[in-house]
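Chemist: What follows is a structure written as structure tokens; I'll ask about it next.
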Amino acid sequence: MKITHYGQNTLAIEIGETHIIVDPFITENELSKDKIDINSLKADFIFLTHAHFDHTLDAEAIAKNTGATIVSNFEIYSHYASKDLNAMPMNHGGIRTFDFGEVKYVNAIHTSSFPDGSYGGNPGGFVITANGKSIYISGDTALTVDMKLIPLYKKIDLAILPIGDVVTMGIDDAIHASNFVECDRVLGVHYDVFPFTKVDKASAKDTFSKAQKELILLDVGESISI
């Protein structure tokens, strides 16, 4: 799996010939809007963790441009299906098998509403397994003991966790989360876009290092592979 970070919680995941976009928020993100052209993105699937604007803003445009299928909880699925976009539902605890691998929808503690205030269902995260590797995308969440259930399902090779604090968990709780999911390699997301989520990157990496863990912070457009 090749994972590219586009800022905030937005990720592009390549698994063989399959292209996945997670939580697309690009065109109003000051860190990415001048670097990433959403019309150039490839997408077979768009995975949405919840309905907040900084996770769904560009979903409709990308889906229309690419024909991608939007995957999320029932309420978000219904929202986009009503717009005649390709969509499929998942919900907490459920597993779907795709051509590229397997996806499990897991719990998150946050809120979820569309920009117009309509209900976006309960937030969630995804465990994506392909080619013998599993990644955990937590979405926006507080630290929750439900994370301890994840390694009962799969061994996690990369945990993708928010670190910006205030509206999600911060650095210290992300370290606890990595303990709960039994994964010492963490890709940090959901930081620096808003003034209240600014992080000291050097300090954050040092804090993880002291806990004998690796914190990966990617620039917009930068990638890693697992």
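The way I read the labels, and the way they are meant: chains A, B, ... in the order of the structure tokens, residue 1 as the first residue of every chain, and ligand 1 as the first ligand shown, with later ones counted on from there.
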Report the residues of region 145-201 of chain A whose backbone DSSP state falls under helix (DSSP H, G or I), written as a ChimeraX atom specification.

Modeler: /A:145-153,171-180,195-197,201

Chemist: Please provide as a PDB file with all heavy atoms, in the first residue's frame all residues within 12 Å of Ala204 (chain A), with the sequence filter that same-chain residues fewer than 2 positions apart are discarded (counting only C-alpha atoms).

Modeler:
```pdb
ATOM      1  N   ILE A 163      -3.394  14.111  15.814  1.00  0.00           N
ATOM      2  CA  ILE A 163      -2.488  14.542  16.893  1.00  0.00           C
ATOM      3  C   ILE A 163      -2.672  16.010  17.248  1.00  0.00           C
ATOM      4  O   ILE A 163      -1.965  16.533  18.105  1.00  0.00           O
ATOM      5  CB  ILE A 163      -1.015  14.294  16.505  1.00  0.00           C
ATOM      6  CG1 ILE A 163      -0.636  15.088  15.244  1.00  0.00           C
ATOM      7  CG2 ILE A 163      -0.738  12.797  16.323  1.00  0.00           C
ATOM      8  CD1 ILE A 163       0.861  15.099  14.966  1.00  0.00           C
ATOM      9  N   GLY A 164      -3.622  16.702  16.614  1.00  0.00           N
ATOM     10  CA  GLY A 164      -3.724  18.152  16.743  1.00  0.00           C
ATOM     11  C   GLY A 164      -4.385  18.666  18.000  1.00  0.00           C
ATOM     12  O   GLY A 164      -4.362  19.860  18.271  1.00  0.00           O
ATOM     13  N   ASP A 165      -5.016  17.758  18.783  1.00  0.00           N
ATOM     14  CA  ASP A 165      -5.643  18.132  20.053  1.00  0.00           C
ATOM     15  C   ASP A 165      -6.856  19.051  19.831  1.00  0.00           C
ATOM     16  O   ASP A 165      -7.271  19.279  18.699  1.00  0.00           O
ATOM     17  CB  ASP A 165      -4.635  18.782  20.991  1.00  0.00           C
ATOM     18  CG  ASP A 165      -4.823  18.369  22.452  1.00  0.00           C
ATOM     19  OD1 ASP A 165      -5.967  18.078  22.852  1.00  0.00           O
ATOM     20  OD2 ASP A 165      -3.816  18.334  23.177  1.00  0.00           O
ATOM     21  N   GLY A 170      -4.740  14.471  21.295  1.00  0.00           N
ATOM     22  CA  GLY A 170      -3.460  15.094  21.029  1.00  0.00           C
ATOM     23  C   GLY A 170      -2.320  14.098  21.115  1.00  0.00           C
ATOM     24  O   GLY A 170      -2.533  12.879  21.054  1.00  0.00           O
ATOM     25  N   ILE A 171      -1.119  14.597  21.261  1.00  0.00           N
ATOM     26  CA  ILE A 171       0.083  13.771  21.212  1.00  0.00           C
ATOM     27  C   ILE A 171       0.067  12.670  22.272  1.00  0.00           C
ATOM     28  O   ILE A 171       0.273  11.495  21.965  1.00  0.00           O
ATOM     29  CB  ILE A 171       1.346  14.644  21.396  1.00  0.00           C
ATOM     30  CG1 ILE A 171       1.455  15.680  20.259  1.00  0.00           C
ATOM     31  CG2 ILE A 171       2.596  13.771  21.451  1.00  0.00           C
ATOM     32  CD1 ILE A 171       1.645  15.089  18.897  1.00  0.00           C
ATOM     33  N   ASP A 172      -0.159  13.032  23.516  1.00  0.00           N
ATOM     34  CA  ASP A 172      -0.078  12.041  24.592  1.00  0.00           C
ATOM     35  C   ASP A 172      -1.132  10.945  24.428  1.00  0.00           C
ATOM     36  O   ASP A 172      -0.837   9.754  24.605  1.00  0.00           O
ATOM     37  CB  ASP A 172      -0.235  12.713  25.956  1.00  0.00           C
ATOM     38  CG  ASP A 172       0.954  13.602  26.307  1.00  0.00           C
ATOM     39  OD1 ASP A 172       2.042  13.406  25.721  1.00  0.00           O
ATOM     40  OD2 ASP A 172       0.789  14.500  27.157  1.00  0.00           O
ATOM     41  N   ASP A 173      -2.351  11.346  24.084  1.00  0.00           N
ATOM     42  CA  ASP A 173      -3.394  10.340  23.888  1.00  0.00           C
ATOM     43  C   ASP A 173      -3.134   9.491  22.647  1.00  0.00           C
ATOM     44  O   ASP A 173      -3.516   8.309  22.604  1.00  0.00           O
ATOM     45  CB  ASP A 173      -4.768  11.004  23.793  1.00  0.00           C
ATOM     46  CG  ASP A 173      -5.349  11.340  25.162  1.00  0.00           C
ATOM     47  OD1 ASP A 173      -4.718  10.977  26.181  1.00  0.00           O
ATOM     48  OD2 ASP A 173      -6.434  11.962  25.214  1.00  0.00           O
ATOM     49  N   ALA A 174      -2.502  10.063  21.633  1.00  0.00           N
ATOM     50  CA  ALA A 174      -2.160   9.276  20.448  1.00  0.00           C
ATOM     51  C   ALA A 174      -1.152   8.185  20.800  1.00  0.00           C
ATOM     52  O   ALA A 174      -1.196   7.082  20.234  1.00  0.00           O
ATOM     53  CB  ALA A 174      -1.613  10.179  19.343  1.00  0.00           C
ATOM     54  N   ILE A 175      -0.254   8.476  21.728  1.00  0.00           N
ATOM     55  CA  ILE A 175       0.685   7.448  22.190  1.00  0.00           C
ATOM     56  C   ILE A 175      -0.073   6.331  22.903  1.00  0.00           C
ATOM     57  O   ILE A 175       0.179   5.139  22.673  1.00  0.00           O
ATOM     58  CB  ILE A 175       1.766   8.073  23.094  1.00  0.00           C
ATOM     59  CG1 ILE A 175       2.710   8.935  22.249  1.00  0.00           C
ATOM     60  CG2 ILE A 175       2.558   6.984  23.836  1.00  0.00           C
ATOM     61  CD1 ILE A 175       3.724   9.716  23.053  1.00  0.00           C
ATOM     62  N   VAL A 186       3.243   5.269  13.734  1.00  0.00           N
ATOM     63  CA  VAL A 186       2.066   6.125  13.646  1.00  0.00           C
ATOM     64  C   VAL A 186       2.271   7.201  12.584  1.00  0.00           C
ATOM     65  O   VAL A 186       3.307   7.873  12.557  1.00  0.00           O
ATOM     66  CB  VAL A 186       1.773   6.793  15.011  1.00  0.00           C
ATOM     67  CG1 VAL A 186       0.662   7.832  14.885  1.00  0.00           C
ATOM     68  CG2 VAL A 186       1.414   5.742  16.053  1.00  0.00           C
ATOM     69  N   LEU A 187       1.281   7.354  11.719  1.00  0.00           N
ATOM     70  CA  LEU A 187       1.236   8.490  10.796  1.00  0.00           C
ATOM     71  C   LEU A 187       0.303   9.520  11.414  1.00  0.00           C
ATOM     72  O   LEU A 187      -0.892   9.254  11.624  1.00  0.00           O
ATOM     73  CB  LEU A 187       0.717   8.050   9.428  1.00  0.00           C
ATOM     74  CG  LEU A 187       0.468   9.168   8.408  1.00  0.00           C
ATOM     75  CD1 LEU A 187       1.751   9.932   8.095  1.00  0.00           C
ATOM     76  CD2 LEU A 187      -0.147   8.601   7.122  1.00  0.00           C
ATOM     77  N   GLY A 188       0.845  10.689  11.744  1.00  0.00           N
ATOM     78  CA  GLY A 188       0.046  11.741  12.359  1.00  0.00           C
ATOM     79  C   GLY A 188      -0.727  12.535  11.326  1.00  0.00           C
ATOM     80  O   GLY A 188      -0.201  12.881  10.264  1.00  0.00           O
ATOM     81  N   TYR A 191      -3.644  18.065  11.911  1.00  0.00           N
ATOM     82  CA  TYR A 191      -2.887  19.070  12.660  1.00  0.00           C
ATOM     83  C   TYR A 191      -2.486  20.194  11.708  1.00  0.00           C
ATOM     84  O   TYR A 191      -2.453  20.018  10.485  1.00  0.00           O
ATOM     85  CB  TYR A 191      -1.641  18.455  13.309  1.00  0.00           C
ATOM     86  CG  TYR A 191      -0.625  17.929  12.313  1.00  0.00           C
ATOM     87  CD1 TYR A 191       0.416  18.733  11.871  1.00  0.00           C
ATOM     88  CD2 TYR A 191      -0.723  16.640  11.799  1.00  0.00           C
ATOM     89  CE1 TYR A 191       1.341  18.266  10.942  1.00  0.00           C
ATOM     90  CE2 TYR A 191       0.183  16.163  10.871  1.00  0.00           C
ATOM     91  CZ  TYR A 191       1.216  16.981  10.447  1.00  0.00           C
ATOM     92  OH  TYR A 191       2.122  16.532   9.516  1.00  0.00           O
ATOM     93  N   LYS A 198      -2.306  23.603  15.759  1.00  0.00           N
ATOM     94  CA  LYS A 198      -0.879  23.688  15.459  1.00  0.00           C
ATOM     95  C   LYS A 198      -0.081  22.802  16.414  1.00  0.00           C
ATOM     96  O   LYS A 198      -0.386  22.735  17.610  1.00  0.00           O
ATOM     97  CB  LYS A 198      -0.381  25.127  15.588  1.00  0.00           C
ATOM     98  CG  LYS A 198      -0.999  26.109  14.601  1.00  0.00           C
ATOM     99  CD  LYS A 198      -0.470  25.890  13.199  1.00  0.00           C
ATOM    100  CE  LYS A 198      -1.015  26.958  12.241  1.00  0.00           C
ATOM    101  NZ  LYS A 198      -0.553  26.750  10.844  1.00  0.00           N
ATOM    102  N   VAL A 199       0.920  22.112  15.884  1.00  0.00           N
ATOM    103  CA  VAL A 199       1.777  21.285  16.728  1.00  0.00           C
ATOM    104  C   VAL A 199       3.239  21.644  16.481  1.00  0.00           C
ATOM    105  O   VAL A 199       3.620  22.094  15.400  1.00  0.00           O
ATOM    106  CB  VAL A 199       1.574  19.778  16.470  1.00  0.00           C
ATOM    107  CG1 VAL A 199       0.143  19.352  16.756  1.00  0.00           C
ATOM    108  CG2 VAL A 199       1.978  19.387  15.054  1.00  0.00           C
ATOM    109  N   ASP A 200       4.045  21.430  17.497  1.00  0.00           N
ATOM    110  CA  ASP A 200       5.492  21.525  17.378  1.00  0.00           C
ATOM    111  C   ASP A 200       5.970  20.164  16.888  1.00  0.00           C
ATOM    112  O   ASP A 200       6.020  19.195  17.652  1.00  0.00           O
ATOM    113  CB  ASP A 200       6.101  21.878  18.736  1.00  0.00           C
ATOM    114  CG  ASP A 200       7.605  22.055  18.690  1.00  0.00           C
ATOM    115  OD1 ASP A 200       8.276  21.344  17.919  1.00  0.00           O
ATOM    116  OD2 ASP A 200       8.129  22.894  19.449  1.00  0.00           O
ATOM    117  N   LYS A 201       6.294  20.066  15.621  1.00  0.00           N
ATOM    118  CA  LYS A 201       6.590  18.770  15.012  1.00  0.00           C
ATOM    119  C   LYS A 201       7.807  18.093  15.649  1.00  0.00           C
ATOM    120  O   LYS A 201       7.797  16.882  15.902  1.00  0.00           O
ATOM    121  CB  LYS A 201       6.802  18.932  13.505  1.00  0.00           C
ATOM    122  CG  LYS A 201       5.589  19.452  12.757  1.00  0.00           C
ATOM    123  CD  LYS A 201       5.884  19.545  11.274  1.00  0.00           C
ATOM    124  CE  LYS A 201       4.705  20.132  10.507  1.00  0.00           C
ATOM    125  NZ  LYS A 201       4.422  21.529  10.882  1.00  0.00           N
ATOM    126  N   ALA A 202       8.847  18.874  15.901  1.00  0.00           N
ATOM    127  CA  ALA A 202      10.053  18.293  16.497  1.00  0.00           C
ATOM    128  C   ALA A 202       9.754  17.746  17.885  1.00  0.00           C
ATOM    129  O   ALA A 202      10.186  16.640  18.248  1.00  0.00           O
ATOM    130  CB  ALA A 202      11.171  19.326  16.549  1.00  0.00           C
ATOM    131  N   ASP A 206       9.817  13.834  19.145  1.00  0.00           N
ATOM    132  CA  ASP A 206      10.662  13.500  20.292  1.00  0.00           C
ATOM    133  C   ASP A 206       9.845  12.791  21.377  1.00  0.00           C
ATOM    134  O   ASP A 206      10.327  11.834  21.994  1.00  0.00           O
ATOM    135  CB  ASP A 206      11.301  14.769  20.850  1.00  0.00           C
ATOM    136  CG  ASP A 206      12.268  14.483  21.994  1.00  0.00           C
ATOM    137  OD1 ASP A 206      13.246  13.741  21.764  1.00  0.00           O
ATOM    138  OD2 ASP A 206      12.058  15.001  23.098  1.00  0.00           O
ATOM    139  N   THR A 207       8.626  13.253  21.595  1.00  0.00           N
ATOM    140  CA  THR A 207       7.762  12.626  22.597  1.00  0.00           C
ATOM    141  C   THR A 207       7.463  11.178  22.215  1.00  0.00           C
ATOM    142  O   THR A 207       7.489  10.275  23.062  1.00  0.00           O
ATOM    143  CB  THR A 207       6.451  13.415  22.756  1.00  0.00           C
ATOM    144  OG1 THR A 207       6.766  14.759  23.151  1.00  0.00           O
ATOM    145  CG2 THR A 207       5.550  12.791  23.798  1.00  0.00           C
ATOM    146  N   PHE A 208       7.187  10.952  20.955  1.00  0.00           N
ATOM    147  CA  PHE A 208       6.960   9.583  20.482  1.00  0.00           C
ATOM    148  C   PHE A 208       8.231   8.744  20.620  1.00  0.00           C
ATOM    149  O   PHE A 208       8.180   7.583  21.034  1.00  0.00           O
ATOM    150  CB  PHE A 208       6.486   9.594  19.032  1.00  0.00           C
ATOM    151  CG  PHE A 208       4.994   9.575  18.880  1.00  0.00           C
ATOM    152  CD1 PHE A 208       4.247  10.721  19.099  1.00  0.00           C
ATOM    153  CD2 PHE A 208       4.338   8.417  18.519  1.00  0.00           C
ATOM    154  CE1 PHE A 208       2.867  10.712  18.963  1.00  0.00           C
ATOM    155  CE2 PHE A 208       2.953   8.394  18.379  1.00  0.00           C
ATOM    156  CZ  PHE A 208       2.217   9.547  18.603  1.00  0.00           C
ATOM    157  N   SER A 209       9.356   9.328  20.257  1.00  0.00           N
ATOM    158  CA  SER A 209      10.622   8.602  20.330  1.00  0.00           C
ATOM    159  C   SER A 209      10.933   8.163  21.760  1.00  0.00           C
ATOM    160  O   SER A 209      11.403   7.044  21.998  1.00  0.00           O
ATOM    161  CB  SER A 209      11.759   9.471  19.784  1.00  0.00           C
ATOM    162  OG  SER A 209      12.989   8.797  19.839  1.00  0.00           O
ATOM    163  N   LYS A 210      10.643   9.043  22.716  1.00  0.00           N
ATOM    164  CA  LYS A 210      10.883   8.696  24.121  1.00  0.00           C
ATOM    165  C   LYS A 210       9.982   7.553  24.575  1.00  0.00           C
ATOM    166  O   LYS A 210      10.325   6.827  25.520  1.00  0.00           O
ATOM    167  CB  LYS A 210      10.668   9.931  24.994  1.00  0.00           C
ATOM    168  CG  LYS A 210      11.783  10.968  24.862  1.00  0.00           C
ATOM    169  CD  LYS A 210      11.509  12.205  25.705  1.00  0.00           C
ATOM    170  CE  LYS A 210      12.643  13.217  25.583  1.00  0.00           C
ATOM    171  NZ  LYS A 210      12.369  14.471  26.325  1.00  0.00           N
ATOM    172  N   ALA A 211       8.850   7.411  23.894  1.00  0.00           N
ATOM    173  CA  ALA A 211       7.952   6.292  24.194  1.00  0.00           C
ATOM    174  C   ALA A 211       8.296   5.070  23.345  1.00  0.00           C
ATOM    175  O   ALA A 211       7.539   4.099  23.321  1.00  0.00           O
ATOM    176  CB  ALA A 211       6.507   6.710  23.952  1.00  0.00           C
ATOM    177  N   LYS A 213       8.472   4.863  20.057  1.00  0.00           N
ATOM    178  CA  LYS A 213       7.562   4.772  18.928  1.00  0.00           C
ATOM    179  C   LYS A 213       8.018   5.730  17.821  1.00  0.00           C
ATOM    180  O   LYS A 213       8.765   6.670  18.085  1.00  0.00           O
ATOM    181  CB  LYS A 213       6.133   5.122  19.356  1.00  0.00           C
ATOM    182  CG  LYS A 213       5.565   4.186  20.419  1.00  0.00           C
ATOM    183  CD  LYS A 213       4.206   4.638  20.894  1.00  0.00           C
ATOM    184  CE  LYS A 213       3.712   3.725  22.013  1.00  0.00           C
ATOM    185  NZ  LYS A 213       3.459   2.348  21.533  1.00  0.00           N
ATOM    186  N   GLU A 214       7.535   5.482  16.613  1.00  0.00           N
ATOM    187  CA  GLU A 214       7.866   6.337  15.466  1.00  0.00           C
ATOM    188  C   GLU A 214       6.646   7.154  15.070  1.00  0.00           C
ATOM    189  O   GLU A 214       5.578   6.598  14.803  1.00  0.00           O
ATOM    190  CB  GLU A 214       8.314   5.486  14.283  1.00  0.00           C
ATOM    191  CG  GLU A 214       8.655   6.298  13.036  1.00  0.00           C
ATOM    192  CD  GLU A 214       8.941   5.444  11.816  1.00  0.00           C
ATOM    193  OE1 GLU A 214       8.680   4.228  11.853  1.00  0.00           O
ATOM    194  OE2 GLU A 214       9.417   6.011  10.808  1.00  0.00           O
ATOM    195  N   LEU A 215       6.814   8.464  15.028  1.00  0.00           N
ATOM    196  CA  LEU A 215       5.771   9.356  14.521  1.00  0.00           C
ATOM    197  C   LEU A 215       6.207   9.869  13.159  1.00  0.00           C
ATOM    198  O   LEU A 215       7.245  10.515  13.028  1.00  0.00           O
ATOM    199  CB  LEU A 215       5.537  10.529  15.472  1.00  0.00           C
ATOM    200  CG  LEU A 215       4.531  11.587  14.986  1.00  0.00           C
ATOM    201  CD1 LEU A 215       3.139  10.974  14.830  1.00  0.00           C
ATOM    202  CD2 LEU A 215       4.493  12.782  15.936  1.00  0.00           C
ATOM    203  N   ILE A 216       5.401   9.589  12.150  1.00  0.00           N
ATOM    204  CA  ILE A 216       5.671  10.019  10.778  1.00  0.00           C
ATOM    205  C   ILE A 216       4.782  11.222  10.476  1.00  0.00           C
ATOM    206  O   ILE A 216       3.560  11.156  10.637  1.00  0.00           O
ATOM    207  CB  ILE A 216       5.378   8.882   9.774  1.00  0.00           C
ATOM    208  CG1 ILE A 216       6.215   7.648  10.116  1.00  0.00           C
ATOM    209  CG2 ILE A 216       5.642   9.348   8.337  1.00  0.00           C
ATOM    210  CD1 ILE A 216       5.693   6.376   9.437  1.00  0.00           C
ATOM    211  N   LEU A 217       5.394  12.322  10.061  1.00  0.00           N
ATOM    212  CA  LEU A 217       4.661  13.516   9.663  1.00  0.00           C
ATOM    213  C   LEU A 217       5.036  13.852   8.230  1.00  0.00           C
ATOM    214  O   LEU A 217       6.174  14.237   7.961  1.00  0.00           O
ATOM    215  CB  LEU A 217       4.977  14.691  10.613  1.00  0.00           C
ATOM    216  CG  LEU A 217       4.662  14.452  12.084  1.00  0.00           C
ATOM    217  CD1 LEU A 217       5.072  15.669  12.916  1.00  0.00           C
ATOM    218  CD2 LEU A 217       3.194  14.154  12.301  1.00  0.00           C
TER     219      LEU A 217
END
```

Chemist: Report as a PDB file with all heavy atoms, in the first residue's frame all protein, DNA and RNA residues lying within 7 Å of region 176-183 of chain A, evaluated on only C-alpha atoms, omitting residues in the same chain fewer than 2 positions from it.

Modeler:
```pdb
ATOM      1  N   LEU A 143      -9.384   9.426  22.494  1.00  0.00           N
ATOM      2  CA  LEU A 143      -8.866   8.135  22.932  1.00  0.00           C
ATOM      3  C   LEU A 143     -10.027   7.318  23.493  1.00  0.00           C
ATOM      4  O   LEU A 143     -10.836   7.817  24.272  1.00  0.00           O
ATOM      5  CB  LEU A 143      -7.800   8.340  24.011  1.00  0.00           C
ATOM      6  CG  LEU A 143      -7.181   7.079  24.611  1.00  0.00           C
ATOM      7  CD1 LEU A 143      -6.337   6.347  23.574  1.00  0.00           C
ATOM      8  CD2 LEU A 143      -6.337   7.439  25.835  1.00  0.00           C
ATOM      9  N   MET A 147     -10.401   0.933  21.099  1.00  0.00           N
ATOM     10  CA  MET A 147      -9.233   0.681  20.256  1.00  0.00           C
ATOM     11  C   MET A 147      -8.548  -0.634  20.609  1.00  0.00           C
ATOM     12  O   MET A 147      -7.874  -1.239  19.772  1.00  0.00           O
ATOM     13  CB  MET A 147      -8.245   1.842  20.367  1.00  0.00           C
ATOM     14  CG  MET A 147      -8.769   3.148  19.793  1.00  0.00           C
ATOM     15  SD  MET A 147      -7.672   4.535  20.169  1.00  0.00           S
ATOM     16  CE  MET A 147      -8.488   5.869  19.298  1.00  0.00           C
ATOM     17  N   LYS A 148      -8.722  -1.084  21.837  1.00  0.00           N
ATOM     18  CA  LYS A 148      -8.108  -2.347  22.254  1.00  0.00           C
ATOM     19  C   LYS A 148      -8.717  -3.552  21.535  1.00  0.00           C
ATOM     20  O   LYS A 148      -8.126  -4.632  21.511  1.00  0.00           O
ATOM     21  CB  LYS A 148      -8.250  -2.522  23.768  1.00  0.00           C
ATOM     22  CG  LYS A 148      -7.421  -1.544  24.590  1.00  0.00           C
ATOM     23  CD  LYS A 148      -7.519  -1.849  26.080  1.00  0.00           C
ATOM     24  CE  LYS A 148      -6.612  -0.934  26.892  1.00  0.00           C
ATOM     25  NZ  LYS A 148      -6.647  -1.239  28.342  1.00  0.00           N
ATOM     26  N   ILE A 150      -9.238  -3.620  18.320  1.00  0.00           N
ATOM     27  CA  ILE A 150      -8.727  -3.667  16.943  1.00  0.00           C
ATOM     28  C   ILE A 150      -7.679  -4.763  16.746  1.00  0.00           C
ATOM     29  O   ILE A 150      -7.769  -5.543  15.782  1.00  0.00           O
ATOM     30  CB  ILE A 150      -8.240  -2.278  16.510  1.00  0.00           C
ATOM     31  CG1 ILE A 150      -9.458  -1.354  16.342  1.00  0.00           C
ATOM     32  CG2 ILE A 150      -7.429  -2.340  15.215  1.00  0.00           C
ATOM     33  CD1 ILE A 150      -9.130   0.092  16.121  1.00  0.00           C
ATOM     34  N   PRO A 151      -6.661  -4.895  17.611  1.00  0.00           N
ATOM     35  CA  PRO A 151      -5.688  -5.969  17.384  1.00  0.00           C
ATOM     36  C   PRO A 151      -6.256  -7.373  17.599  1.00  0.00           C
ATOM     37  O   PRO A 151      -5.605  -8.357  17.228  1.00  0.00           O
ATOM     38  CB  PRO A 151      -4.572  -5.656  18.386  1.00  0.00           C
ATOM     39  CG  PRO A 151      -5.176  -4.775  19.402  1.00  0.00           C
ATOM     40  CD  PRO A 151      -6.235  -3.999  18.696  1.00  0.00           C
ATOM     41  N   ILE A 156      -1.997  -4.568  13.306  1.00  0.00           N
ATOM     42  CA  ILE A 156      -1.912  -3.288  12.614  1.00  0.00           C
ATOM     43  C   ILE A 156      -0.462  -2.951  12.296  1.00  0.00           C
ATOM     44  O   ILE A 156       0.408  -2.969  13.173  1.00  0.00           O
ATOM     45  CB  ILE A 156      -2.554  -2.173  13.469  1.00  0.00           C
ATOM     46  CG1 ILE A 156      -4.019  -2.486  13.756  1.00  0.00           C
ATOM     47  CG2 ILE A 156      -2.425  -0.816  12.768  1.00  0.00           C
ATOM     48  CD1 ILE A 156      -4.889  -2.659  12.530  1.00  0.00           C
ATOM     49  N   ASP A 157      -0.200  -2.644  11.019  1.00  0.00           N
ATOM     50  CA  ASP A 157       1.157  -2.296  10.579  1.00  0.00           C
ATOM     51  C   ASP A 157       1.399  -0.793  10.578  1.00  0.00           C
ATOM     52  O   ASP A 157       2.542  -0.352  10.652  1.00  0.00           O
ATOM     53  CB  ASP A 157       1.400  -2.857   9.169  1.00  0.00           C
ATOM     54  CG  ASP A 157       1.326  -4.374   9.146  1.00  0.00           C
ATOM     55  OD1 ASP A 157       2.285  -5.025   9.602  1.00  0.00           O
ATOM     56  OD2 ASP A 157       0.293  -4.902   8.697  1.00  0.00           O
ATOM     57  N   LEU A 158       0.344   0.000  10.488  1.00  0.00           N
ATOM     58  CA  LEU A 158       0.445   1.459  10.541  1.00  0.00           C
ATOM     59  C   LEU A 158      -0.844   2.001  11.128  1.00  0.00           C
ATOM     60  O   LEU A 158      -1.935   1.679  10.644  1.00  0.00           O
ATOM     61  CB  LEU A 158       0.671   2.052   9.146  1.00  0.00           C
ATOM     62  CG  LEU A 158       0.779   3.580   9.081  1.00  0.00           C
ATOM     63  CD1 LEU A 158       2.099   4.056   9.706  1.00  0.00           C
ATOM     64  CD2 LEU A 158       0.665   4.086   7.643  1.00  0.00           C
ATOM     65  N   ALA A 159      -0.719   2.820  12.172  1.00  0.00           N
ATOM     66  CA  ALA A 159      -1.884   3.488  12.758  1.00  0.00           C
ATOM     67  C   ALA A 159      -1.885   4.946  12.322  1.00  0.00           C
ATOM     68  O   ALA A 159      -0.887   5.652  12.505  1.00  0.00           O
ATOM     69  CB  ALA A 159      -1.839   3.389  14.281  1.00  0.00           C
ATOM     70  N   ASP A 172      -0.159  13.032  23.516  1.00  0.00           N
ATOM     71  CA  ASP A 172      -0.078  12.041  24.592  1.00  0.00           C
ATOM     72  C   ASP A 172      -1.132  10.945  24.428  1.00  0.00           C
ATOM     73  O   ASP A 172      -0.837   9.754  24.605  1.00  0.00           O
ATOM     74  CB  ASP A 172      -0.235  12.713  25.956  1.00  0.00           C
ATOM     75  CG  ASP A 172       0.954  13.602  26.307  1.00  0.00           C
ATOM     76  OD1 ASP A 172       2.042  13.406  25.721  1.00  0.00           O
ATOM     77  OD2 ASP A 172       0.789  14.500  27.157  1.00  0.00           O
ATOM     78  N   ASP A 173      -2.351  11.346  24.084  1.00  0.00           N
ATOM     79  CA  ASP A 173      -3.394  10.340  23.888  1.00  0.00           C
ATOM     80  C   ASP A 173      -3.134   9.491  22.647  1.00  0.00           C
ATOM     81  O   ASP A 173      -3.516   8.309  22.604  1.00  0.00           O
ATOM     82  CB  ASP A 173      -4.768  11.004  23.793  1.00  0.00           C
ATOM     83  CG  ASP A 173      -5.349  11.340  25.162  1.00  0.00           C
ATOM     84  OD1 ASP A 173      -4.718  10.977  26.181  1.00  0.00           O
ATOM     85  OD2 ASP A 173      -6.434  11.962  25.214  1.00  0.00           O
ATOM     86  N   ALA A 174      -2.502  10.063  21.633  1.00  0.00           N
ATOM     87  CA  ALA A 174      -2.160   9.276  20.448  1.00  0.00           C
ATOM     88  C   ALA A 174      -1.152   8.185  20.800  1.00  0.00           C
ATOM     89  O   ALA A 174      -1.196   7.082  20.234  1.00  0.00           O
ATOM     90  CB  ALA A 174      -1.613  10.179  19.343  1.00  0.00           C
ATOM     91  N   ARG A 185       4.172   2.277  15.020  1.00  0.00           N
ATOM     92  CA  ARG A 185       4.420   3.154  13.873  1.00  0.00           C
ATOM     93  C   ARG A 185       3.159   3.947  13.584  1.00  0.00           C
ATOM     94  O   ARG A 185       2.118   3.364  13.232  1.00  0.00           O
ATOM     95  CB  ARG A 185       4.839   2.334  12.656  1.00  0.00           C
ATOM     96  CG  ARG A 185       5.442   3.176  11.538  1.00  0.00           C
ATOM     97  CD  ARG A 185       5.886   2.324  10.374  1.00  0.00           C
ATOM     98  NE  ARG A 185       6.676   3.104   9.441  1.00  0.00           N
ATOM     99  CZ  ARG A 185       6.732   2.866   8.129  1.00  0.00           C
ATOM    100  NH1 ARG A 185       6.063   1.849   7.604  1.00  0.00           N
ATOM    101  NH2 ARG A 185       7.469   3.620   7.353  1.00  0.00           N
TER     102      ARG A 185
END
```

Chemist: For Glu17 (chain A), which residue among A:Leu161, A:Phe47, A:Gly125, A:Asp99 is the nearest when counting only C-alpha atoms?

Modeler: A:Asp99

Chemist: What separation in Å, quoted to one decimal, exists between CA of Glu14 (chain A) and CA of Glu75 (chain A)?

Modeler: 26.5 Å
